[in-house]
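Participant: Sharing protein00.txt (compact mmCIF, C-alpha atoms and all ligand atoms) below.
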# COMPACT_ATOMS: atom_id res chain seq x y z
CA MET A 1 -15.38 46.12 96.35
CA ARG A 2 -14.30 49.77 96.53
CA SER A 3 -15.45 51.98 99.39
CA LYS A 4 -14.79 55.47 100.70
CA ALA A 5 -13.20 55.41 104.15
CA ALA A 6 -11.66 57.68 106.78
CA ILE A 7 -8.14 56.31 107.19
CA LEU A 8 -5.41 56.82 109.79
CA ARG A 9 -1.93 56.57 108.30
CA GLU A 10 0.28 58.29 110.92
CA LEU A 11 0.22 58.95 114.64
CA ASN A 12 -1.25 62.28 115.75
CA LYS A 13 -2.50 63.14 112.25
CA PRO A 14 -6.11 63.75 111.22
CA PHE A 15 -8.27 61.20 109.41
CA VAL A 16 -7.89 61.29 105.63
CA ILE A 17 -10.65 60.28 103.23
CA GLU A 18 -9.49 57.68 100.70
CA GLU A 19 -10.89 54.91 98.55
CA VAL A 20 -10.01 51.41 99.77
CA GLU A 21 -10.46 47.93 98.33
CA TRP A 22 -12.31 45.18 100.24
CA ASP A 23 -11.85 41.45 99.56
CA ASP A 24 -14.91 39.28 99.07
CA PRO A 25 -16.38 38.03 102.37
CA ARG A 26 -14.96 34.63 103.33
CA ASP A 27 -17.26 31.74 104.34
CA ASP A 28 -18.05 33.09 107.83
CA GLU A 29 -18.08 36.78 106.88
CA ILE A 30 -20.54 39.33 105.54
CA GLY A 31 -20.34 42.51 103.46
CA VAL A 32 -22.29 45.40 104.98
CA ARG A 33 -23.49 48.71 103.48
CA ILE A 34 -23.00 51.15 106.38
CA VAL A 35 -25.85 53.54 107.21
CA ALA A 36 -24.38 55.40 110.20
CA THR A 37 -21.44 55.18 112.61
CA GLY A 38 -21.04 56.84 115.99
CA VAL A 39 -18.09 59.14 116.66
CA CYS A 40 -16.80 57.48 119.84
CA HIS A 41 -13.83 58.55 121.94
CA SER A 42 -12.23 55.09 121.61
CA ASP A 43 -11.68 55.64 117.87
CA TRP A 44 -9.73 58.77 118.76
CA HIS A 45 -7.41 56.68 120.95
CA CYS A 46 -6.26 55.05 117.70
CA THR A 47 -5.02 58.40 116.40
CA ASN A 48 -2.71 59.16 119.31
CA GLY A 49 -1.23 55.79 120.24
CA ALA A 50 -3.24 55.35 123.45
CA TYR A 51 -3.83 51.83 122.14
CA GLN A 52 -1.09 49.71 120.60
CA MET A 53 -0.64 51.04 117.05
CA ASP A 54 1.66 50.04 114.21
CA PHE A 55 1.78 53.05 111.86
CA PRO A 56 2.84 53.54 109.14
CA ASP A 57 3.11 49.89 108.02
CA HIS A 58 -0.55 49.28 108.74
CA PRO A 59 -2.94 52.10 107.99
CA MET A 60 -6.10 51.74 110.01
CA ILE A 61 -9.82 52.21 109.52
CA ALA A 62 -11.47 52.97 112.86
CA GLY A 63 -15.20 53.24 113.57
CA HIS A 64 -16.78 50.68 115.90
CA GLU A 65 -20.36 51.93 116.39
CA GLY A 66 -21.76 50.95 113.01
CA VAL A 67 -25.21 50.05 111.75
CA GLY A 68 -25.96 48.87 108.24
CA ILE A 69 -27.64 46.56 105.77
CA VAL A 70 -26.21 43.16 104.87
CA GLU A 71 -25.26 43.17 101.18
CA ARG A 72 -23.22 39.97 100.77
CA VAL A 73 -22.91 36.76 102.82
CA GLY A 74 -20.30 33.98 102.92
CA LYS A 75 -21.52 30.42 102.31
CA ASN A 76 -21.41 29.35 106.00
CA VAL A 77 -23.27 32.39 107.32
CA HIS A 78 -26.48 31.37 109.08
CA ARG A 79 -27.47 34.13 111.47
CA VAL A 80 -28.13 36.88 108.91
CA LYS A 81 -29.05 37.08 105.22
CA GLU A 82 -28.86 39.68 102.45
CA GLY A 83 -31.07 42.67 103.20
CA ASP A 84 -31.05 42.19 106.99
CA HIS A 85 -30.51 45.25 109.15
CA ILE A 86 -27.73 44.91 111.71
CA VAL A 87 -26.04 46.65 114.61
CA MET A 88 -22.32 45.89 114.79
CA SER A 89 -20.78 44.51 117.96
CA TRP A 90 -17.19 45.61 118.54
CA MET A 91 -16.52 42.25 120.15
CA ALA A 92 -16.80 39.35 117.71
CA SER A 93 -17.91 36.94 120.47
CA CYS A 94 -16.95 33.51 119.10
CA GLY A 95 -19.50 31.59 121.19
CA GLU A 96 -16.96 28.86 121.92
CA CYS A 97 -14.15 30.14 124.15
CA GLU A 98 -14.29 29.74 127.95
CA TRP A 99 -15.72 33.24 128.45
CA CYS A 100 -18.35 33.00 125.72
CA VAL A 101 -19.49 29.63 127.08
CA LYS A 102 -19.93 31.26 130.50
CA GLY A 103 -22.15 33.91 128.89
CA LEU A 104 -19.41 36.55 129.05
CA GLY A 105 -19.23 37.24 125.33
CA GLN A 106 -17.87 40.74 126.02
CA LEU A 107 -14.65 39.08 127.26
CA CYS A 108 -14.24 36.73 124.25
CA ASP A 109 -10.69 35.60 123.45
CA ARG A 110 -11.16 37.13 119.99
CA GLY A 111 -10.45 40.40 121.82
CA GLU A 112 -6.81 39.58 121.10
CA HIS A 113 -7.37 41.11 117.64
CA LEU A 114 -9.62 43.93 118.80
CA ILE A 115 -7.25 46.64 117.59
CA ASP A 116 -5.90 45.17 114.34
CA GLY A 117 -9.03 43.27 113.29
CA LEU A 118 -6.83 40.57 111.75
CA ARG A 119 -8.50 37.20 111.27
CA ASP A 120 -7.28 33.95 112.85
CA ASP A 121 -4.88 33.43 109.91
CA TYR A 122 -3.53 37.00 110.36
CA THR A 123 -5.02 38.20 107.06
CA SER A 124 -6.74 41.53 106.52
CA ARG A 125 -9.84 42.04 104.37
CA VAL A 126 -9.17 45.65 103.40
CA HIS A 127 -6.32 47.29 101.52
CA THR A 128 -5.29 50.80 100.49
CA LEU A 129 -5.06 51.50 96.77
CA ASP A 130 -1.25 51.76 97.18
CA GLY A 131 -1.28 48.11 98.24
CA LYS A 132 -1.04 48.12 102.04
CA ASP A 133 -3.13 45.87 104.30
CA CYS A 134 -5.31 47.95 106.61
CA TRP A 135 -6.09 47.29 110.21
CA GLN A 136 -9.81 47.16 110.86
CA LEU A 137 -10.61 48.38 114.39
CA SER A 138 -12.63 45.76 116.30
CA PHE A 139 -12.99 43.72 113.06
CA LEU A 140 -15.30 46.52 111.84
CA GLY A 141 -13.73 49.69 110.43
CA ALA A 142 -17.12 51.37 110.20
CA PHE A 143 -15.75 54.78 109.17
CA SER A 144 -16.29 53.42 105.65
CA ASP A 145 -19.44 53.20 103.55
CA TYR A 146 -18.92 49.42 103.14
CA CYS A 147 -17.16 46.82 105.33
CA VAL A 148 -16.45 43.10 105.38
CA ILE A 149 -16.87 41.80 108.94
CA PRO A 150 -17.12 38.43 110.71
CA GLU A 151 -20.70 37.16 110.99
CA ARG A 152 -20.08 37.05 114.74
CA CYS A 153 -20.01 40.87 114.83
CA ALA A 154 -23.54 41.21 113.45
CA ILE A 155 -26.61 41.61 115.67
CA LYS A 156 -29.81 41.45 113.62
CA VAL A 157 -32.28 44.28 114.19
CA ASP A 158 -36.02 44.54 113.41
CA LYS A 159 -36.66 46.56 110.26
CA ASP A 160 -39.13 48.83 112.04
CA ILE A 161 -36.25 50.39 113.99
CA PRO A 162 -34.79 53.44 112.16
CA LEU A 163 -31.12 52.39 111.81
CA GLU A 164 -29.79 55.95 111.73
CA LYS A 165 -31.15 56.50 115.27
CA VAL A 166 -29.39 53.55 116.88
CA PRO A 167 -25.65 53.30 116.04
CA ILE A 168 -24.82 54.28 119.64
CA VAL A 169 -26.39 51.04 120.88
CA GLY A 170 -23.29 49.34 119.47
CA CYS A 171 -21.09 50.79 122.22
CA ARG A 172 -21.85 53.78 124.38
CA ILE A 173 -25.41 52.99 125.48
CA PRO A 174 -24.73 49.42 126.73
CA THR A 175 -21.35 50.45 128.18
CA GLY A 176 -22.77 53.28 130.29
CA TRP A 177 -26.17 51.82 131.18
CA GLY A 178 -24.79 48.31 131.81
CA SER A 179 -22.04 49.59 134.12
CA VAL A 180 -24.78 50.74 136.50
CA ILE A 181 -27.24 47.86 136.10
CA TYR A 182 -24.92 44.84 135.82
CA THR A 183 -21.45 45.80 137.06
CA ALA A 184 -22.40 48.02 140.01
CA GLN A 185 -25.90 46.55 140.45
CA ALA A 186 -26.84 49.94 141.87
CA ASP A 187 -29.86 49.90 144.18
CA GLN A 188 -32.86 52.16 144.59
CA GLY A 189 -32.15 55.18 146.76
CA CYS A 190 -28.39 55.03 146.18
CA THR A 191 -26.06 58.00 145.69
CA ALA A 192 -23.70 58.19 142.74
CA LEU A 193 -21.10 60.24 140.92
CA VAL A 194 -20.61 60.08 137.13
CA VAL A 195 -17.44 61.71 135.76
CA GLY A 196 -17.19 62.37 132.00
CA LEU A 197 -20.42 63.24 130.21
CA GLY A 198 -20.03 61.85 126.72
CA GLY A 199 -22.30 59.07 125.49
CA VAL A 200 -21.06 56.63 128.12
CA GLY A 201 -21.49 58.97 131.11
CA ILE A 202 -24.90 60.21 129.99
CA ASN A 203 -26.07 56.60 129.70
CA ALA A 204 -24.69 55.79 133.16
CA ILE A 205 -26.95 58.65 134.34
CA GLN A 206 -29.88 57.05 132.45
CA GLY A 207 -29.16 53.78 134.27
CA LEU A 208 -28.99 55.49 137.67
CA LYS A 209 -32.25 57.33 137.07
CA SER A 210 -33.92 54.07 136.03
CA VAL A 211 -32.99 52.35 139.32
CA GLY A 212 -34.18 55.33 141.37
CA ALA A 213 -30.86 56.77 142.55
CA ARG A 214 -31.56 59.57 145.04
CA ILE A 215 -28.45 61.66 144.30
CA ILE A 216 -26.83 61.64 140.84
CA ILE A 217 -23.83 63.98 140.67
CA ALA A 218 -22.66 64.62 137.11
CA ALA A 219 -19.17 66.03 136.52
CA ASP A 220 -17.29 67.23 133.46
CA ILE A 221 -14.71 69.85 132.47
CA ALA A 222 -17.24 71.22 129.96
CA GLY A 223 -19.65 73.38 131.96
CA ASN A 224 -22.14 73.44 129.06
CA LYS A 225 -22.88 69.73 129.68
CA GLU A 226 -24.93 70.62 132.78
CA GLN A 227 -28.26 71.07 131.01
CA TRP A 228 -27.98 67.73 129.16
CA ALA A 229 -26.92 65.95 132.36
CA ARG A 230 -29.96 67.32 134.23
CA GLU A 231 -32.31 66.40 131.34
CA PHE A 232 -31.13 62.78 131.63
CA GLY A 233 -31.56 62.71 135.42
CA ALA A 234 -28.58 64.31 137.18
CA THR A 235 -29.53 66.04 140.44
CA HIS A 236 -26.22 67.94 140.84
CA PHE A 237 -23.46 69.15 138.54
CA ILE A 238 -19.75 69.76 139.17
CA ASP A 239 -17.79 71.87 136.67
CA CYS A 240 -14.33 70.31 137.02
CA SER A 241 -12.72 73.19 135.12
CA LYS A 242 -13.53 75.44 138.08
CA GLN A 243 -14.30 73.19 141.06
CA ASP A 244 -12.47 70.43 142.93
CA LEU A 245 -14.28 67.17 142.21
CA VAL A 246 -13.75 65.37 145.53
CA GLU A 247 -14.35 68.47 147.65
CA GLU A 248 -17.66 69.18 145.89
CA VAL A 249 -18.84 65.56 146.26
CA TYR A 250 -18.30 65.80 150.03
CA LYS A 251 -20.06 69.20 150.15
CA ILE A 252 -23.12 67.61 148.50
CA THR A 253 -23.19 64.27 150.33
CA GLY A 254 -21.33 64.85 153.59
CA ILE A 255 -19.87 61.33 153.52
CA GLY A 256 -19.13 60.51 149.85
CA VAL A 257 -21.14 58.43 147.37
CA ASP A 258 -22.16 54.77 147.15
CA TYR A 259 -20.95 54.50 143.56
CA ALA A 260 -18.52 56.52 141.44
CA PHE A 261 -18.44 55.86 137.68
CA GLU A 262 -15.28 57.05 135.92
CA CYS A 263 -16.06 57.41 132.21
CA CYS A 264 -12.87 59.13 130.99
CA GLY A 265 -10.08 56.55 131.48
CA ILE A 266 -7.80 59.15 133.10
CA GLY A 267 -5.65 58.27 136.12
CA LYS A 268 -6.34 61.48 138.06
CA THR A 269 -10.13 61.15 137.79
CA GLN A 270 -9.91 57.42 138.61
CA GLU A 271 -8.04 58.36 141.83
CA ASP A 272 -10.66 61.05 142.56
CA CYS A 273 -13.47 58.52 142.08
CA VAL A 274 -11.89 56.22 144.68
CA LYS A 275 -11.59 59.20 147.06
CA ALA A 276 -15.24 60.14 146.44
CA ILE A 277 -16.74 56.83 147.66
CA HIS A 278 -17.55 56.26 151.33
CA LYS A 279 -17.22 53.12 153.48
CA GLY A 280 -18.46 50.09 151.56
CA GLY A 281 -18.55 52.16 148.36
CA HIS A 282 -17.72 51.09 144.82
CA ALA A 283 -15.58 52.83 142.20
CA VAL A 284 -16.39 51.56 138.71
CA PHE A 285 -13.87 52.25 135.92
CA VAL A 286 -15.82 52.48 132.66
CA GLY A 287 -13.47 54.61 130.52
CA VAL A 288 -10.55 52.71 128.95
CA ALA A 289 -7.16 53.95 130.15
CA SER A 290 -4.23 54.42 127.77
CA ILE A 291 -1.68 51.58 127.63
CA GLU A 292 0.86 54.23 128.74
CA GLN A 293 -0.89 54.58 132.11
CA LYS A 294 0.88 52.17 134.45
CA GLY A 295 -1.16 52.62 137.63
CA ILE A 296 -2.98 54.92 140.01
CA GLU A 297 -2.41 55.88 143.63
CA VAL A 298 -4.93 54.34 145.99
CA ASN A 299 -4.99 54.35 149.78
CA LEU A 300 -4.85 50.57 150.21
CA ASN A 301 -5.15 50.74 154.00
CA LYS A 302 -8.46 52.54 153.61
CA LEU A 303 -9.57 50.29 150.74
CA THR A 304 -9.42 47.24 153.04
CA LEU A 305 -10.59 48.77 156.32
CA PHE A 306 -13.43 50.66 154.60
CA GLN A 307 -14.33 47.58 152.55
CA GLN A 308 -14.34 49.49 149.28
CA SER A 309 -14.14 48.06 145.79
CA ILE A 310 -12.67 49.13 142.46
CA ARG A 311 -14.09 47.33 139.44
CA GLY A 312 -13.53 47.49 135.73
CA THR A 313 -16.41 46.94 133.33
CA CYS A 314 -16.38 46.00 129.66
CA TYR A 315 -19.35 46.53 127.29
CA GLY A 316 -21.58 47.15 130.33
CA GLY A 317 -20.67 43.83 131.95
CA ARG A 318 -22.76 41.65 129.61
CA SER A 319 -22.48 40.05 126.21
CA PRO A 320 -23.49 42.52 123.47
CA PHE A 321 -25.64 39.72 122.01
CA GLU A 322 -27.77 39.87 125.17
CA LEU A 323 -27.63 43.58 125.87
CA VAL A 324 -28.07 45.18 122.42
CA PRO A 325 -31.39 43.44 121.54
CA LYS A 326 -32.68 44.14 125.06
CA LEU A 327 -31.83 47.85 124.85
CA LEU A 328 -33.46 48.10 121.40
CA GLU A 329 -36.67 46.61 122.83
CA MET A 330 -36.50 49.12 125.70
CA TYR A 331 -36.05 51.92 123.15
CA LYS A 332 -39.14 50.73 121.24
CA CYS A 333 -41.12 50.74 124.51
CA GLY A 334 -39.94 54.27 125.29
CA ILE A 335 -38.24 53.41 128.58
CA ILE A 336 -34.73 54.44 127.49
CA LYS A 337 -33.76 57.51 125.46
CA PHE A 338 -31.74 57.02 122.27
CA ASP A 339 -32.80 59.91 120.03
CA GLU A 340 -31.75 62.61 122.49
CA VAL A 341 -28.27 61.07 122.87
CA ILE A 342 -27.38 61.92 119.24
CA THR A 343 -26.93 65.69 119.13
CA LYS A 344 -25.41 66.12 115.64
CA GLU A 345 -24.95 64.24 112.37
CA TYR A 346 -21.90 64.68 110.12
CA LYS A 347 -20.82 63.54 106.66
CA LEU A 348 -17.77 61.22 106.49
CA GLU A 349 -15.74 64.13 105.06
CA GLU A 350 -16.52 66.10 108.26
CA ILE A 351 -15.03 63.48 110.60
CA ASN A 352 -12.17 65.68 111.85
CA GLU A 353 -14.69 68.44 112.61
CA ALA A 354 -16.82 65.87 114.47
CA TYR A 355 -13.88 65.03 116.74
CA ALA A 356 -13.03 68.73 117.22
CA ASP A 357 -16.64 69.25 118.36
CA MET A 358 -16.33 66.29 120.74
CA PHE A 359 -13.30 67.83 122.44
CA ALA A 360 -15.02 71.22 122.58
CA GLY A 361 -17.88 69.53 124.49
CA LYS A 362 -20.42 70.47 121.79
CA ASN A 363 -22.13 67.06 121.61
CA ILE A 364 -23.31 64.19 123.74
CA CYS A 365 -22.77 61.92 120.72
CA GLY A 366 -21.97 62.85 117.14
CA VAL A 367 -22.77 60.40 114.33
CA ILE A 368 -21.40 59.98 110.78
CA ARG A 369 -24.35 59.51 108.40
CA PHE A 370 -23.58 57.79 105.10
ZN ZN B 401 -15.38 33.70 122.61
ZN ZN B 402 -17.11 53.15 121.75
Do you think you could lay out the structure here as structure tokens?
Ligand SMILES: [Zn+2]
Ligand SMILES: [Zn+2]

Facilitator:
Amino acid sequence: MRSKAAILRELNKPFVIEEVEWDDPRDDEIGVRIVATGVCHSDWHCTNGAYQMDFPDHPMIAGHEGVGIVERVGKNVHRVKEGDHIVMSWMASCGECEWCVKGLGQLCDRGEHLIDGLRDDYTSRVHTLDGKDCWQLSFLGAFSDYCVIPERCAIKVDKDIPLEKVPIVGCRIPTGWGSVIYTAQADQGCTALVVGLGGVGINAIQGLKSVGARIIIAADIAGNKEQWAREFGATHFIDCSKQDLVEEVYKITGIGVDYAFECCGIGKTQEDCVKAIHKGGHAVFVGVASIEQKGIEVNLNKLTLFQQSIRGTCYGGRSPFELVPKLLEMYKCGIIKFDEVITKEYKLEEINEAYADMFAGKNICGVIRF
């Protein structure tokens, strides 16, 4: 099957639009007609080598926040059928490894192939027209109007949910919201800092508002994010392009915050988040750091004597197969905002513009609409 895709062929080069050829789905795989895909920061990490890349031998199709309609199914597929609407999970939780059995599907051992999307026999399902196997980010490659993915990446969605409104539930909504609810288990009346106001940070703010946080300090280098942050529940805003993050947190709180959520994956802001928490406080690292980043500087004496914690969180700390359906039900009930999180739609051909807008701070979340 031919499809039109945004491909990465070299490091630090823009996406190029090309036709690619997909194999038929194997027994445990499905073919999906993509409706919309979120423009997430993690896809950008594939362009600059922040994750382990292998250009130019393996061109890559990124895109891991996809929604679509099942078009073809392999003969052993049981959980979805042709015509079903699905949200894609970027972790193909196998259901059988130690972590999946413990209910931690977000930590599935299949994560070993998260970047290349190669199957257990190291084969790829998608190829360039000049004959190269493509990597398929997170087994998905949803910057393409059609994909072949493992059945285990598909989460079935009720047909009364407008698919084009919900691609972000495949990554940034559960990641941000879940980091507050499940990883930090933030309590009513708490104080918190959220650094980095893309889709993940804004949804951490939604989570904090939902638990009744008393102080929610939002911080970003883009000063124009303030209005959005306040609309979602922030009580204070720090413009990091002009103000010192840690200093401002102490001006607002006097003693630091209970929780600091770092949603950028940058060493300096991770260090600042640790400095911004008070005794007994928790720094939660939500943004994924580059593989080049070897460590951060932390005052370990203080960490112990002040009984502080630093925690990582993946996919919001829960299996996407638990969290995505739950968040969709919450969206239907009107207790979590999805529509307002998507601030602009783009065509696939406009993908480089969509990323330029992301870095200019023009969106909470941009979405490619097919
Ligand atoms: Zn597993
Ligand atoms: Zn993402």

Participant: Would you give the centre and edge lengths, in Å to one decimal, of a box along x, y and z around the listed atoms of region 229-246 of chain A, with 5 Å added to each side, as AutoDock Vina command-line options?

Facilitator:
--center_x -22.4 --center_y 69.1 --center_z 138.4 --size_x 29.8 --size_y 22.7 --size_z 24.2

Participant: If the limit is 12 Å from any atom of ligand ZN 402 (chain B), counting all atoms listed in the file, which residues qualify? Return them as a count of residues only.

Facilitator: 47

Participant: Per residue of chain A within 6 Å of ligand ZN 401 (chain B), which atom pair is closest and at what distance in Å (one decimal), using all atoms listed in the file, listed by chain and increasing number, as a Markdown table?

Facilitator:
| residue | atom | partner | partner_atom | distance |
| --- | --- | --- | --- | --- |
| A:Ser93 | CA | B:ZN401 | ZN | 4.6 |
| A:Cys94 | CA | B:ZN401 | ZN | 3.8 |
| A:Gly95 | CA | B:ZN401 | ZN | 4.8 |
| A:Glu96 | CA | B:ZN401 | ZN | 5.1 |
| A:Cys97 | CA | B:ZN401 | ZN | 4.1 |
| A:Trp99 | CA | B:ZN401 | ZN | 5.9 |
| A:Cys100 | CA | B:ZN401 | ZN | 4.4 |
| A:Gly105 | CA | B:ZN401 | ZN | 5.9 |
| A:Cys108 | CA | B:ZN401 | ZN | 3.6 |
| A:Asp109 | CA | B:ZN401 | ZN | 5.1 |

Participant: Could you tell me which of A:Lys347, A:His113, A:His78, A:Arg152 comes closest to Gln136 (chain A) if we count only C-alpha atoms?

Facilitator: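 Of A:Lys347, A:His113, A:His78, A:Arg152, the one nearest Gln136 (chain A) is A:His113, counting only C-alpha atoms.
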
Participant: In Å, with one decimal, what is the gap from CA of Glu297 (chain A) to CA of Ala276 (chain A)?

Facilitator: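 That distance, rounded to one decimal, is 13.8 Å.
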
Participant: Tell me which of A:Glu151, A:Glu226, A:Asp23, A:Glu98 sits closest to Arg79 (chain A), counting only C-alpha atoms.

Facilitator: A:Glu151

Participant: At what distance in Å, to one decimal, does CA of Tyr331 (chain A) lie from CA of Ala213 (chain A)?

Facilitator: 20.7 Å

Participant: In Å, with one decimal, what is the gap from CA of Glu247 (chain A) to CA of Glu292 (chain A)?

Facilitator: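 Straight-line distance from CA of Glu247 (chain A) to CA of Glu292 (chain A) works out to 28.1 Å.
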
Participant: Between A:Asp258, A:Glu349, A:Glu322, A:Glu21, which has the minimum distance to Arg125 (chain A) (counting only C-alpha atoms)?

Facilitator: A:Glu21

Participant: Taking into account only C-alpha atoms, which residue in the set A:Val32, A:Val180, A:Ile7, A:Val249 is nearest to Phe285 (chain A)?

Facilitator: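 Nearest to Phe285 (chain A): A:Val180.
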
Participant: Go through A:Val341, A:Ala229, A:Val73, A:Leu129 and flag the residue nearest Glu19 (chain A), using all atoms listed in the file for the distances.

Facilitator: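 Between A:Val341, A:Ala229, A:Val73, A:Leu129, the residue approaching Glu19 (chain A) most closely is A:Leu129.
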
Participant: At a cut-off of 9 Å, using all atoms listed in the file, what residues contact Asn76 (chain A)? Leave out same-chain residues fewer than 5 positions from it and give the result as a CSV table (one decimal) with C-alpha atoms, in the frame of the given file.

Facilitator:
chain,number,residue,atom,x,y,z
A,26,ARG,CA,-15.0,34.6,103.3
A,27,ASP,CA,-17.3,31.7,104.3
A,28,ASP,CA,-18.0,33.1,107.8
A,29,GLU,CA,-18.1,36.8,106.9

Participant: Could you name the residues that touch Thr235 (chain A) at 12 Å or less, counting only C-alpha atoms, but leaving out those on the same chain fewer than 4 positions away, as a list in words?

Facilitator: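 Using only C-alpha atoms, the neighbours found are Thr191, Ala192, Leu193, Val194, Ile205, Leu208, Lys209, Gly212, Ala213, Arg214, Ile215, Ile216, Ile217, Ala218, Ala219, Glu226, Gln227, Trp228, Ala229, Arg230, Glu231, Ile252 and Thr253 of chain A.
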